[in-house]
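Asker: mmCIF, C-alpha atoms, saved as data.cif, coming up:
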data_work
#
loop_
_atom_site.label_atom_id
_atom_site.label_comp_id
_atom_site.auth_asym_id
_atom_site.auth_seq_id
_atom_site.Cartn_x
_atom_site.Cartn_y
_atom_site.Cartn_z
CA MET A 1 104.59 -37.19 122.92
CA LYS A 2 103.79 -34.92 125.85
CA ALA A 3 107.06 -33.03 125.28
CA LEU A 4 106.21 -32.55 121.61
CA PHE A 5 102.79 -31.20 122.53
CA SER A 6 104.31 -28.79 125.05
CA THR A 7 106.84 -27.56 122.50
CA ALA A 8 104.12 -27.01 119.88
CA PHE A 9 101.94 -25.18 122.39
CA VAL A 10 104.80 -22.88 123.42
CA SER A 11 105.52 -22.17 119.74
CA LEU A 12 101.91 -21.22 119.10
CA VAL A 13 101.85 -18.89 122.10
CA PHE A 14 105.12 -17.29 120.96
CA MET A 15 103.80 -16.81 117.42
CA ALA A 16 100.57 -15.22 118.71
CA ALA A 17 102.51 -12.89 120.96
CA THR A 18 104.93 -11.79 118.25
CA THR A 19 102.08 -11.32 115.77
CA SER A 20 100.03 -9.10 118.08
CA ALA A 21 102.97 -7.12 119.45
CA PRO A 22 103.46 -4.96 116.33
CA ALA A 23 99.75 -4.17 116.29
CA GLN A 24 99.79 -3.12 119.93
CA GLN A 25 102.76 -0.83 119.32
CA TYR A 26 101.53 0.51 115.95
CA PRO A 27 102.41 3.06 114.71
CA THR A 28 106.12 3.32 115.51
CA LYS A 29 107.06 5.47 112.50
CA ALA A 30 105.54 7.84 109.95
CA VAL A 31 102.46 6.67 108.03
CA ARG A 32 101.71 7.66 104.43
CA LEU A 33 98.16 8.55 103.44
CA ILE A 34 98.02 8.11 99.67
CA VAL A 35 95.58 10.37 97.80
CA GLY A 36 94.98 9.63 94.12
CA PHE A 37 94.25 13.28 93.29
CA PRO A 38 96.11 16.63 93.43
CA ALA A 39 96.27 18.78 96.55
CA GLY A 40 93.25 21.00 97.12
CA GLY A 41 90.52 18.53 96.18
CA THR A 42 88.07 16.87 98.55
CA SER A 43 90.09 13.65 98.89
CA ASP A 44 93.09 15.77 99.91
CA ILE A 45 90.97 17.75 102.39
CA MET A 46 89.65 14.53 103.98
CA ALA A 47 93.15 13.06 104.19
CA ARG A 48 94.55 16.17 105.89
CA LEU A 49 91.72 16.37 108.43
CA THR A 50 92.05 12.67 109.25
CA GLY A 51 95.85 12.67 109.26
CA GLN A 52 95.97 15.61 111.67
CA LYS A 53 93.68 13.83 114.14
CA LEU A 54 95.70 10.60 113.96
CA SER A 55 98.95 12.50 114.44
CA GLU A 56 97.52 14.18 117.54
CA ALA A 57 96.28 10.86 118.93
CA TRP A 58 99.38 8.75 118.31
CA GLY A 59 102.23 11.26 118.22
CA GLN A 60 103.39 10.04 114.82
CA THR A 61 103.57 11.89 111.51
CA PHE A 62 100.90 11.12 108.92
CA ILE A 63 102.25 12.25 105.56
CA ILE A 64 99.83 13.19 102.77
CA ASP A 65 101.22 11.74 99.54
CA ASN A 66 99.32 12.95 96.44
CA ARG A 67 99.62 10.56 93.47
CA PRO A 68 97.18 11.90 90.87
CA GLY A 69 96.29 10.37 87.54
CA ALA A 70 93.94 7.98 85.73
CA GLY A 71 90.91 8.92 87.82
CA GLY A 72 92.66 7.94 91.05
CA ASN A 73 93.82 4.57 89.72
CA ILE A 74 97.56 5.36 90.06
CA GLY A 75 97.46 6.10 93.77
CA THR A 76 94.99 3.30 94.42
CA GLU A 77 97.24 0.73 92.70
CA LEU A 78 100.18 1.93 94.79
CA VAL A 79 98.32 1.08 98.00
CA ALA A 80 96.97 -2.21 96.63
CA LYS A 81 100.57 -3.35 96.07
CA ALA A 82 102.07 -1.79 99.21
CA ALA A 83 103.40 -3.76 102.16
CA PRO A 84 100.41 -4.71 104.36
CA ASP A 85 101.92 -3.28 107.54
CA GLY A 86 99.66 -0.27 108.19
CA TYR A 87 102.23 2.30 107.07
CA THR A 88 100.74 2.92 103.61
CA LEU A 89 97.01 3.73 103.60
CA LEU A 90 94.57 5.03 101.03
CA VAL A 91 92.16 7.95 101.40
CA SER A 92 89.80 7.70 98.45
CA PRO A 93 86.44 8.74 97.08
CA GLY A 94 83.99 5.92 96.49
CA SER A 95 83.97 6.58 92.76
CA THR A 96 87.56 5.39 92.25
CA LEU A 97 86.80 2.15 94.03
CA THR A 98 83.27 1.45 92.83
CA SER A 99 82.73 3.12 89.44
CA ASN A 100 86.23 3.00 87.91
CA PRO A 101 86.06 -0.82 87.64
CA ALA A 102 82.99 -0.38 85.42
CA VAL A 103 84.22 2.64 83.44
CA TYR A 104 87.76 1.49 82.60
CA SER A 105 88.29 -1.62 80.48
CA LYS A 106 91.11 -2.54 82.87
CA VAL A 107 91.90 -1.28 86.37
CA PRO A 108 95.15 -2.25 88.15
CA PHE A 109 93.38 -3.39 91.32
CA ASP A 110 90.42 -5.40 92.55
CA THR A 111 88.43 -3.33 95.05
CA VAL A 112 87.17 -6.31 97.05
CA ARG A 113 90.26 -8.53 96.84
CA ASP A 114 93.06 -5.96 97.26
CA PHE A 115 91.84 -3.80 100.15
CA ALA A 116 90.93 -4.02 103.81
CA PRO A 117 88.19 -1.42 104.43
CA VAL A 118 88.90 0.66 107.55
CA THR A 119 86.04 3.19 107.73
CA MET A 120 84.14 5.79 105.77
CA ILE A 121 85.02 9.35 106.81
CA ALA A 122 82.18 11.42 105.38
CA GLY A 123 79.65 11.82 102.61
CA VAL A 124 79.21 14.91 100.42
CA PRO A 125 76.97 15.99 97.56
CA ASN A 126 78.30 17.28 94.28
CA ALA A 127 77.45 20.88 93.45
CA LEU A 128 76.38 21.81 89.93
CA VAL A 129 78.11 25.10 89.15
CA VAL A 130 78.56 27.30 86.09
CA HIS A 131 80.82 30.19 85.15
CA PRO A 132 79.08 33.50 85.99
CA SER A 133 78.89 34.33 82.27
CA VAL A 134 76.65 31.32 81.57
CA PRO A 135 73.07 32.61 81.07
CA ALA A 136 71.40 30.10 83.40
CA SER A 137 70.32 30.59 87.00
CA ASN A 138 68.79 27.17 87.66
CA VAL A 139 68.81 23.62 86.32
CA LYS A 140 65.83 24.13 84.00
CA GLU A 141 67.51 27.12 82.38
CA LEU A 142 70.75 25.16 81.97
CA ILE A 143 68.87 22.30 80.31
CA ALA A 144 67.14 24.75 77.97
CA LEU A 145 70.47 26.37 77.14
CA ALA A 146 72.11 23.02 76.40
CA LYS A 147 69.21 22.04 74.14
CA SER A 148 69.58 25.31 72.23
CA ARG A 149 73.32 24.66 71.79
CA PRO A 150 73.65 20.88 71.31
CA GLY A 151 77.22 19.70 71.69
CA GLN A 152 78.55 23.19 72.37
CA LEU A 153 78.60 23.51 76.16
CA ALA A 154 81.74 21.99 77.70
CA TYR A 155 81.61 20.50 81.18
CA ALA A 156 84.62 19.71 83.36
CA SER A 157 85.13 16.71 85.60
CA THR A 158 87.80 15.72 88.11
CA GLY A 159 88.54 12.66 85.98
CA ALA A 160 86.81 10.20 83.71
CA GLY A 161 84.74 7.78 85.75
CA GLN A 162 84.65 9.98 88.85
CA SER A 163 81.36 10.96 90.49
CA THR A 164 81.75 14.42 88.97
CA HIS A 165 81.76 12.83 85.51
CA LEU A 166 78.95 10.37 86.22
CA SER A 167 76.78 13.10 87.78
CA ALA A 168 77.00 15.10 84.55
CA GLU A 169 76.33 12.02 82.43
CA LEU A 170 73.28 11.23 84.57
CA LEU A 171 72.10 14.83 84.04
CA LYS A 172 72.62 14.48 80.28
CA THR A 173 70.71 11.21 79.95
CA SER A 174 67.94 12.28 82.33
CA ALA A 175 67.41 15.65 80.60
CA GLY A 176 68.11 14.50 77.05
CA ILE A 177 70.92 17.00 76.44
CA ASN A 178 74.36 16.84 74.84
CA MET A 179 77.39 18.48 76.43
CA ILE A 180 81.10 17.90 75.79
CA HIS A 181 83.14 16.20 78.51
CA VAL A 182 86.53 17.71 79.42
CA PRO A 183 88.25 15.49 82.03
CA TYR A 184 90.99 16.81 84.34
CA LYS A 185 93.47 15.18 86.73
CA GLY A 186 91.61 16.39 89.78
CA SER A 187 89.51 19.18 91.19
CA ALA A 188 92.13 21.96 91.37
CA PRO A 189 92.98 22.10 87.63
CA ALA A 190 89.31 21.72 86.66
CA LEU A 191 88.27 24.56 88.94
CA THR A 192 91.08 26.75 87.59
CA ASP A 193 89.69 26.39 84.08
CA ILE A 194 86.01 26.86 84.90
CA VAL A 195 86.81 29.98 86.95
CA ALA A 196 88.77 31.25 83.92
CA GLY A 197 85.82 30.51 81.65
CA GLN A 198 87.61 27.82 79.64
CA VAL A 199 84.71 25.44 80.38
CA SER A 200 81.14 26.37 81.26
CA VAL A 201 79.69 23.74 83.58
CA MET A 202 80.89 21.39 86.30
CA PHE A 203 79.74 19.03 89.01
CA ASP A 204 82.30 18.98 91.82
CA ASN A 205 82.43 17.71 95.39
CA LEU A 206 80.99 20.43 97.59
CA PRO A 207 84.07 20.85 99.86
CA SER A 208 86.26 21.57 96.83
CA VAL A 209 83.95 24.06 95.15
CA LEU A 210 82.43 25.76 98.20
CA PRO A 211 85.08 28.55 98.47
CA PHE A 212 84.49 29.48 94.82
CA ILE A 213 80.73 29.64 95.39
CA LYS A 214 81.10 31.80 98.49
CA SER A 215 83.48 34.18 96.72
CA GLY A 216 81.11 34.56 93.75
CA ARG A 217 83.60 33.19 91.25
CA LEU A 218 81.21 30.35 90.39
CA LYS A 219 77.42 30.29 90.28
CA PRO A 220 75.69 27.35 92.02
CA LEU A 221 72.60 25.90 90.37
CA ALA A 222 71.93 22.82 92.48
CA VAL A 223 73.34 20.02 94.63
CA SER A 224 73.24 16.39 93.56
CA SER A 225 71.98 14.81 96.81
CA ALA A 226 68.38 13.93 97.59
CA ALA A 227 68.24 16.61 100.30
CA ARG A 228 69.67 20.13 100.40
CA SER A 229 73.08 20.65 101.96
CA ARG A 230 73.29 22.37 105.33
CA ALA A 231 76.32 24.24 103.97
CA LEU A 232 74.22 25.73 101.13
CA PRO A 233 70.62 25.63 102.37
CA GLU A 234 69.47 28.20 99.81
CA VAL A 235 70.64 26.06 96.86
CA PRO A 236 68.03 23.51 95.68
CA THR A 237 68.66 19.91 94.69
CA VAL A 238 68.70 18.76 91.07
CA ALA A 239 65.71 16.57 91.91
CA GLU A 240 63.51 19.39 93.18
CA SER A 241 64.69 21.76 90.44
CA ALA A 242 64.02 19.68 87.37
CA LEU A 243 64.73 15.94 87.55
CA PRO A 244 62.84 14.01 90.27
CA GLY A 245 64.78 11.04 91.62
CA PHE A 246 68.21 12.48 90.81
CA ASP A 247 70.50 11.52 93.70
CA VAL A 248 74.29 11.29 93.82
CA THR A 249 76.16 11.39 97.14
CA VAL A 250 79.91 10.81 97.30
CA TRP A 251 81.67 9.12 100.21
CA PHE A 252 85.34 9.31 101.22
CA ALA A 253 87.09 6.61 103.19
CA VAL A 254 90.26 5.05 104.58
CA LEU A 255 91.48 1.67 103.35
CA ALA A 256 94.57 -0.50 103.89
CA PRO A 257 96.18 -3.21 101.75
CA ALA A 258 94.21 -6.46 101.97
CA ALA A 259 96.64 -8.51 104.09
CA THR A 260 97.07 -5.84 106.77
CA PRO A 261 96.76 -7.54 110.20
CA ARG A 262 93.25 -7.32 111.57
CA GLU A 263 94.57 -5.83 114.82
CA ILE A 264 96.02 -2.87 112.92
CA VAL A 265 92.81 -2.40 110.90
CA ASN A 266 90.83 -2.42 114.14
CA ARG A 267 93.18 0.12 115.78
CA LEU A 268 92.87 2.41 112.78
CA ASN A 269 89.10 2.02 112.69
CA ALA A 270 88.72 2.80 116.40
CA GLU A 271 90.91 5.90 116.26
CA VAL A 272 89.46 7.33 113.02
CA VAL A 273 85.87 6.76 114.18
CA LYS A 274 86.74 8.33 117.54
CA ALA A 275 88.11 11.38 115.70
CA ILE A 276 85.06 11.60 113.42
CA LYS A 277 82.73 11.58 116.42
CA THR A 278 84.41 14.55 118.11
CA GLN A 279 82.46 17.79 117.86
CA ASP A 280 85.52 19.52 116.47
CA MET A 281 85.80 17.09 113.54
CA ARG A 282 82.06 17.14 112.87
CA ASP A 283 82.10 20.93 112.82
CA ARG A 284 85.09 21.02 110.48
CA LEU A 285 83.44 18.53 108.12
CA ALA A 286 80.17 20.45 108.22
CA GLN A 287 82.02 23.65 107.30
CA GLN A 288 83.20 21.78 104.20
CA GLY A 289 79.67 20.69 103.33
CA ALA A 290 80.35 17.11 104.45
CA GLU A 291 78.36 14.82 106.74
CA ALA A 292 80.46 12.72 109.15
CA ILE A 293 80.01 8.92 108.94
CA GLY A 294 82.47 6.63 110.77
CA ASN A 295 81.35 2.99 110.46
CA THR A 296 82.74 -0.50 111.01
CA PRO A 297 84.95 -2.30 108.48
CA GLU A 298 82.11 -4.80 107.95
CA ASP A 299 79.50 -2.13 107.23
CA PHE A 300 81.93 -0.34 104.94
CA ALA A 301 82.67 -3.56 103.03
CA ALA A 302 78.94 -4.10 102.46
CA ILE A 303 78.56 -0.57 101.06
CA ILE A 304 81.47 -1.15 98.67
CA LYS A 305 79.79 -4.26 97.26
CA ARG A 306 76.45 -2.45 96.96
CA ASP A 307 77.98 0.51 95.14
CA LEU A 308 79.99 -1.69 92.78
CA ALA A 309 76.69 -3.13 91.55
CA LYS A 310 74.94 0.27 91.49
CA TRP A 311 77.56 2.06 89.41
CA ALA A 312 78.05 -0.87 87.06
CA LYS A 313 74.41 -0.46 86.05
CA VAL A 314 74.67 3.34 85.69
CA VAL A 315 77.80 3.06 83.53
CA LYS A 316 76.21 0.37 81.36
CA ASP A 317 73.01 2.39 80.89
CA ALA A 318 75.01 5.50 79.96
CA ASN A 319 77.30 3.45 77.69
CA ILE A 320 80.48 4.89 79.26
CA LYS A 321 83.70 2.97 78.60
CA LEU A 322 87.34 4.06 78.71
CA ASP A 323 90.50 2.24 77.62
#
For the structure just supplied, provide its representation as structure tokens.

Answerer:
Amino acid sequence: MKALFSTAFVSLVFMAATTSAPAQQYPTKAVRLIVGFPAGGTSDIMARLTGQKLSEAWGQTFIIDNRPGAGGNIGTELVAKAAPDGYTLLVSPGSTLTSNPAVYSKVPFDTVRDFAPVTMIAGVPNALVVHPSVPASNVKELIALAKSRPGQLAYASTGAGQSTHLSAELLKTSAGINMIHVPYKGSAPALTDIVAGQVSVMFDNLPSVLPFIKSGRLKPLAVSSAARSRALPEVPTVAESALPGFDVTVWFAVLAPAATPREIVNRLNAEVVKAIKTQDMRDRLAQQGAEAIGNTPEDFAAIIKRDLAKWAKVVKDANIKLD
């Protein structure tokens, strides 16, 4: 009996050692950061900033793999079904994870069941911009213009169900206006068309649209957050301009497949948060109009559950549903 106990004990010790060894050595090869949107958008920017810091820290390559389509669902599903070994990770906006399940009749993943939250990278407001030819210089003038042309103004989004779409729908319902939704497969193609004057209005994540604002190719009317952005301090909020209480802030984060060993999740969390807290990273995020976050997996998981409930209500109230 004693021999059996000793054998079992040795087996358990061996199993624990072999389980933790890969985590201690991780990563030993290139890691893919999956982005569910085209290059050039805010998710892509966040992935590249984070991947560069992790490459510097660990001496391994972090490859940005853009898999756009279906409002981020394609890339997100890829990670949900990937091997849970830490070598396929997701960099995603909160909207794909927390509003898509309410907007789409079916999504190919379960946000809570299929992912291990690592950490939130940063939060950003959306900027409300118009083509320079649009005769509106503030939110009130845009609302008046839309009311004078019901159903004629076209607004772009980075994809149905994304925060850029829901921000515009919230504006429509709050102001009692009617504009036509033109969804795109990400920020880059949407921005190309609004700069060309093919569409008139757009909410977009501030890091994506900021260069177009600074170059004068797009006219900013407001930001969607409760407070003004430090990157555009002269631009008012939607709330102070016309619609009190209007508040949409978008977060971007790193997640792993659900069964990823906790030791690997903890290593990733520690290194990403360490990178986020460096002055260099904070400065680079601030230049993009983003506020650094960096939280624990537990805090991040709680925010996911909160936002799932929040956006489910918004989508229901706005009667938004996609097949």

Asker: Using the chain letters and numbers from the file, which residues does the PyMOL selection byres ((chain A and resi 238) around 9) grab, as number ranges by chain?

Answerer: A: 128, 139, 171, 221-226, 236-237, 239-247

Asker: Give me, please, the distance in Å between CA of His165 in chain A and CA of Ala146 in chain A, quoted to one decimal.

Answerer: 16.7 Å

Asker: Using all atoms listed in the file, what does the table of range 75-180 of chain A residues within 10 Å of range 193-213 of chain A look like, with each row giving the shortest atom pair and its distance in Å to one decimal, sorted by chain and ascending number, as a tab-separated table?

Answerer:
residue	atom	partner	partner_atom	distance
A:Pro93	CA	A:Asn205	CA	10.0
A:Gly123	CA	A:Asn205	CA	9.7
A:Val124	CA	A:Leu206	CA	6.5
A:Pro125	CA	A:Leu206	CA	6.0
A:Asn126	CA	A:Asn205	CA	4.3
A:Ala127	CA	A:Phe203	CA	5.3
A:Leu128	CA	A:Phe203	CA	4.5
A:Val129	CA	A:Met202	CA	5.4
A:Val130	CA	A:Val201	CA	4.5
A:His131	CA	A:Ser200	CA	5.5
A:Pro132	CA	A:Val195	CA	8.5
A:Ser133	CA	A:Gly197	CA	7.9
A:Val134	CA	A:Ser200	CA	6.7
A:Leu142	CA	A:Val201	CA	9.2
A:Gln152	CA	A:Ser200	CA	9.8
A:Leu153	CA	A:Ser200	CA	6.4
A:Ala154	CA	A:Val199	CA	5.3
A:Tyr155	CA	A:Val201	CA	4.5
A:Ala156	CA	A:Met202	CA	5.0
A:Ser157	CA	A:Met202	CA	6.4
A:Thr158	CA	A:Asp204	CA	7.4
A:Gln162	CA	A:Asp204	CA	9.8
A:Ser163	CA	A:Asp204	CA	8.2
A:Thr164	CA	A:Phe203	CA	5.0
A:His165	CA	A:Phe203	CA	7.4
A:Leu166	CA	A:Phe203	CA	9.1
A:Ser167	CA	A:Phe203	CA	6.7
A:Ala168	CA	A:Phe203	CA	6.5
A:Met179	CA	A:Val201	CA	9.2
A:Ile180	CA	A:Val199	CA	9.5

Asker: When you draw a straight line from CA of Phe62 in chain A to CA of Leu49 in chain A, how long is it in Å?

Answerer: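 So the answer is 10.6 Å.
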
Asker: From (100.3, 3.3, 120.7), in the file's coordinates, out to 12 Å: which residues are reached, counting only C-alpha atoms? Answer as a ChimeraX atom specification.

Answerer: /A:21-29,54-60,264,267-268,271

Asker: So that I can check the surroundings of Leu255 in chain A, please list as an mmCIF file with C-alpha atoms, keeping the file's coordinate frame every protein, DNA and RNA residue that reaches within 12 Å of it, counting only C-alpha atoms and ignoring chain neighbours fewer than 4 positions away.

Answerer:
data_model
loop_
_atom_site.group_PDB
_atom_site.id
_atom_site.type_symbol
_atom_site.label_atom_id
_atom_site.label_comp_id
_atom_site.auth_asym_id
_atom_site.auth_seq_id
_atom_site.Cartn_x
_atom_site.Cartn_y
_atom_site.Cartn_z
ATOM 1 C CA ARG A 32 101.710 7.660 104.430
ATOM 2 C CA LEU A 33 98.160 8.550 103.440
ATOM 3 C CA ILE A 34 98.020 8.110 99.670
ATOM 4 C CA VAL A 35 95.580 10.370 97.800
ATOM 5 C CA ALA A 47 93.150 13.060 104.190
ATOM 6 C CA THR A 76 94.990 3.300 94.420
ATOM 7 C CA VAL A 79 98.320 1.080 98.000
ATOM 8 C CA ALA A 80 96.970 -2.210 96.630
ATOM 9 C CA ALA A 82 102.070 -1.790 99.210
ATOM 10 C CA PRO A 84 100.410 -4.710 104.360
ATOM 11 C CA GLY A 86 99.660 -0.270 108.190
ATOM 12 C CA TYR A 87 102.230 2.300 107.070
ATOM 13 C CA THR A 88 100.740 2.920 103.610
ATOM 14 C CA LEU A 89 97.010 3.730 103.600
ATOM 15 C CA LEU A 90 94.570 5.030 101.030
ATOM 16 C CA VAL A 91 92.160 7.950 101.400
ATOM 17 C CA SER A 92 89.800 7.700 98.450
ATOM 18 C CA PRO A 93 86.440 8.740 97.080
ATOM 19 C CA GLY A 94 83.990 5.920 96.490
ATOM 20 C CA LEU A 97 86.800 2.150 94.030
ATOM 21 C CA THR A 111 88.430 -3.330 95.050
ATOM 22 C CA VAL A 112 87.170 -6.310 97.050
ATOM 23 C CA ASP A 114 93.060 -5.960 97.260
ATOM 24 C CA PHE A 115 91.840 -3.800 100.150
ATOM 25 C CA ALA A 116 90.930 -4.020 103.810
ATOM 26 C CA PRO A 117 88.190 -1.420 104.430
ATOM 27 C CA VAL A 118 88.900 0.660 107.550
ATOM 28 C CA THR A 119 86.040 3.190 107.730
ATOM 29 C CA MET A 120 84.140 5.790 105.770
ATOM 30 C CA ILE A 121 85.020 9.350 106.810
ATOM 31 C CA ALA A 259 96.640 -8.510 104.090
ATOM 32 C CA THR A 260 97.070 -5.840 106.770
ATOM 33 C CA ILE A 264 96.020 -2.870 112.920
ATOM 34 C CA VAL A 265 92.810 -2.400 110.900
ATOM 35 C CA ASN A 266 90.830 -2.420 114.140
ATOM 36 C CA LEU A 268 92.870 2.410 112.780
ATOM 37 C CA ASN A 269 89.100 2.020 112.690
ATOM 38 C CA VAL A 272 89.460 7.330 113.020
ATOM 39 C CA THR A 296 82.740 -0.500 111.010
ATOM 40 C CA PRO A 297 84.950 -2.300 108.480
ATOM 41 C CA PHE A 300 81.930 -0.340 104.940
ATOM 42 C CA ALA A 301 82.670 -3.560 103.030
ATOM 43 C CA ILE A 304 81.470 -1.150 98.670
#

Asker: Measuring between only C-alpha atoms, which one of A:Thr42, A:Gln288, A:Ser148, A:Asn295 shows the shortest distance to Ala231 in chain A?

Answerer: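 Closest residue, counting only C-alpha atoms: A:Gln288.
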
Asker: Give the answer as one residue: which of A:Gly294, A:Gly159, A:Gly75, A:Trp311 has the shortest atom-to-atom distance to Pro189 in chain A, using all atoms listed in the file?

Answerer: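 Closest to Pro189 in chain A, using all atoms listed in the file: A:Gly159.
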
Asker: Find the residues around Val103 in chain A up to 12 Å (all atoms listed in the file counted), leave out those fewer than 3 positions away in its own chain, and share them as an MDAnalysis selection string.

Answerer: chainID A and resid 70:71 73 95:100 106:107 159:163 165:166 308 311:323

Asker: Could you write out that same residue set with C-alpha atoms as a compact mmCIF listing (two decimals), in the frame of the given file?

Answerer:
# COMPACT_ATOMS: atom_id res chain seq x y z
CA ALA A 70 93.94 7.98 85.73
CA GLY A 71 90.91 8.92 87.82
CA ASN A 73 93.82 4.57 89.72
CA SER A 95 83.97 6.58 92.76
CA THR A 96 87.56 5.39 92.25
CA LEU A 97 86.80 2.15 94.03
CA THR A 98 83.27 1.45 92.83
CA SER A 99 82.73 3.12 89.44
CA ASN A 100 86.23 3.00 87.91
CA LYS A 106 91.11 -2.54 82.87
CA VAL A 107 91.90 -1.28 86.37
CA GLY A 159 88.54 12.66 85.98
CA ALA A 160 86.81 10.20 83.71
CA GLY A 161 84.74 7.78 85.75
CA GLN A 162 84.65 9.98 88.85
CA SER A 163 81.36 10.96 90.49
CA HIS A 165 81.76 12.83 85.51
CA LEU A 166 78.95 10.37 86.22
CA LEU A 308 79.99 -1.69 92.78
CA TRP A 311 77.56 2.06 89.41
CA ALA A 312 78.05 -0.87 87.06
CA LYS A 313 74.41 -0.46 86.05
CA VAL A 314 74.67 3.34 85.69
CA VAL A 315 77.80 3.06 83.53
CA LYS A 316 76.21 0.37 81.36
CA ASP A 317 73.01 2.39 80.89
CA ALA A 318 75.01 5.50 79.96
CA ASN A 319 77.30 3.45 77.69
CA ILE A 320 80.48 4.89 79.26
CA LYS A 321 83.70 2.97 78.60
CA LEU A 322 87.34 4.06 78.71
CA ASP A 323 90.50 2.24 77.62

Asker: Do a neighbour search on Ile143 in chain A at 10 Å with only C-alpha atoms, toss out local chain neighbours closer than 5 positions, and write the hits as a ChimeraX atom specification.

Answerer: /A:136,138,148-149,171-172,175-178,242

Asker: So that I have them on file, write out the residues from the current selection with C-alpha atoms, as a compact mmCIF listing (two decimals), in the coordinates of the input.

Answerer:
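The resulting part10.txt:
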# COMPACT_ATOMS: atom_id res chain seq x y z
CA ALA A 136 71.40 30.10 83.40
CA ASN A 138 68.79 27.17 87.66
CA SER A 148 69.58 25.31 72.23
CA ARG A 149 73.32 24.66 71.79
CA LEU A 171 72.10 14.83 84.04
CA LYS A 172 72.62 14.48 80.28
CA ALA A 175 67.41 15.65 80.60
CA GLY A 176 68.11 14.50 77.05
CA ILE A 177 70.92 17.00 76.44
CA ASN A 178 74.36 16.84 74.84
CA ALA A 242 64.02 19.68 87.37

Asker: Just checking: using only C-alpha atoms, which residue out of A:Ala275, A:Ala30, A:Ala39, A:Ala122 ends up closest to Gly186 in chain A?

Answerer: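 Closest residue, counting only C-alpha atoms: A:Ala39.
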
Asker: Emit as AutoDock Vina command-line options the padded axis-aligned box for all listed atoms of range 305-320 of chain A, 5 Å per side, with centre and edge lengths in Å to one decimal.

Answerer:
--center_x 76.7 --center_y 0.6 --center_z 87.5 --size_x 17.5 --size_y 19.8 --size_z 29.6

Asker: Could you jot down the CA of Arg48 in chain A to CA of Leu191 in chain A separation for me, Å, one decimal place?

Answerer: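 Interatomic distance, CA of Arg48 in chain A to CA of Leu191 in chain A: 19.9 Å.
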
Asker: Find the residue from A:Thr50, A:Pro183, A:Ala83, A:Glu298 that sits nearest to Val273 in chain A; use all atoms listed in the file when measuring.

Answerer: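 For Val273 in chain A, the nearest of the given residues is A:Thr50.
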
Asker: Using the partial input, fill out range 181-193 of chain A with N, CA and C atoms; write the result as a PDB file, in the frame of the given file.

Answerer:
ATOM      1  N   HIS A 181      82.402  16.512  77.300  1.00  0.00           N
ATOM      2  CA  HIS A 181      83.140  16.200  78.510  1.00  0.00           C
ATOM      3  C   HIS A 181      84.612  16.593  78.375  1.00  0.00           C
ATOM      4  N   VAL A 182      85.115  17.351  79.361  1.00  0.00           N
ATOM      5  CA  VAL A 182      86.530  17.710  79.420  1.00  0.00           C
ATOM      6  C   VAL A 182      87.086  17.203  80.754  1.00  0.00           C
ATOM      7  N   PRO A 183      87.744  16.045  80.771  1.00  0.00           N
ATOM      8  CA  PRO A 183      88.250  15.490  82.030  1.00  0.00           C
ATOM      9  C   PRO A 183      89.570  16.130  82.458  1.00  0.00           C
ATOM     10  N   TYR A 184      89.761  16.271  83.770  1.00  0.00           N
ATOM     11  CA  TYR A 184      90.990  16.810  84.340  1.00  0.00           C
ATOM     12  C   TYR A 184      91.592  15.792  85.311  1.00  0.00           C
ATOM     13  N   LYS A 185      92.802  16.080  85.790  1.00  0.00           N
ATOM     14  CA  LYS A 185      93.470  15.180  86.730  1.00  0.00           C
ATOM     15  C   LYS A 185      93.167  15.549  88.178  1.00  0.00           C
ATOM     16  N   GLY A 186      91.974  16.016  88.431  1.00  0.00           N
ATOM     17  CA  GLY A 186      91.610  16.390  89.780  1.00  0.00           C
ATOM     18  C   GLY A 186      90.804  17.669  89.822  1.00  0.00           C
ATOM     19  N   SER A 187      90.384  18.029  91.018  1.00  0.00           N
ATOM     20  CA  SER A 187      89.510  19.180  91.190  1.00  0.00           C
ATOM     21  C   SER A 187      90.215  20.507  90.937  1.00  0.00           C
ATOM     22  N   ALA A 188      91.435  20.662  91.467  1.00  0.00           N
ATOM     23  CA  ALA A 188      92.130  21.960  91.370  1.00  0.00           C
ATOM     24  C   ALA A 188      92.308  22.432  89.930  1.00  0.00           C
ATOM     25  N   PRO A 189      92.839  21.610  89.016  1.00  0.00           N
ATOM     26  CA  PRO A 189      92.980  22.100  87.630  1.00  0.00           C
ATOM     27  C   PRO A 189      91.646  22.328  86.938  1.00  0.00           C
ATOM     28  N   ALA A 190      90.633  21.523  87.258  1.00  0.00           N
ATOM     29  CA  ALA A 190      89.310  21.720  86.660  1.00  0.00           C
ATOM     30  C   ALA A 190      88.703  23.038  87.115  1.00  0.00           C
ATOM     31  N   LEU A 191      88.815  23.318  88.408  1.00  0.00           N
ATOM     32  CA  LEU A 191      88.270  24.560  88.940  1.00  0.00           C
ATOM     33  C   LEU A 191      89.010  25.780  88.381  1.00  0.00           C
ATOM     34  N   THR A 192      90.307  25.650  88.186  1.00  0.00           N
ATOM     35  CA  THR A 192      91.080  26.750  87.590  1.00  0.00           C
ATOM     36  C   THR A 192      90.513  27.128  86.227  1.00  0.00           C
ATOM     37  N   ASP A 193      90.177  26.120  85.429  1.00  0.00           N
ATOM     38  CA  ASP A 193      89.690  26.390  84.080  1.00  0.00           C
ATOM     39  C   ASP A 193      88.251  26.874  84.037  1.00  0.00           C
TER      40      ASP A 193
END
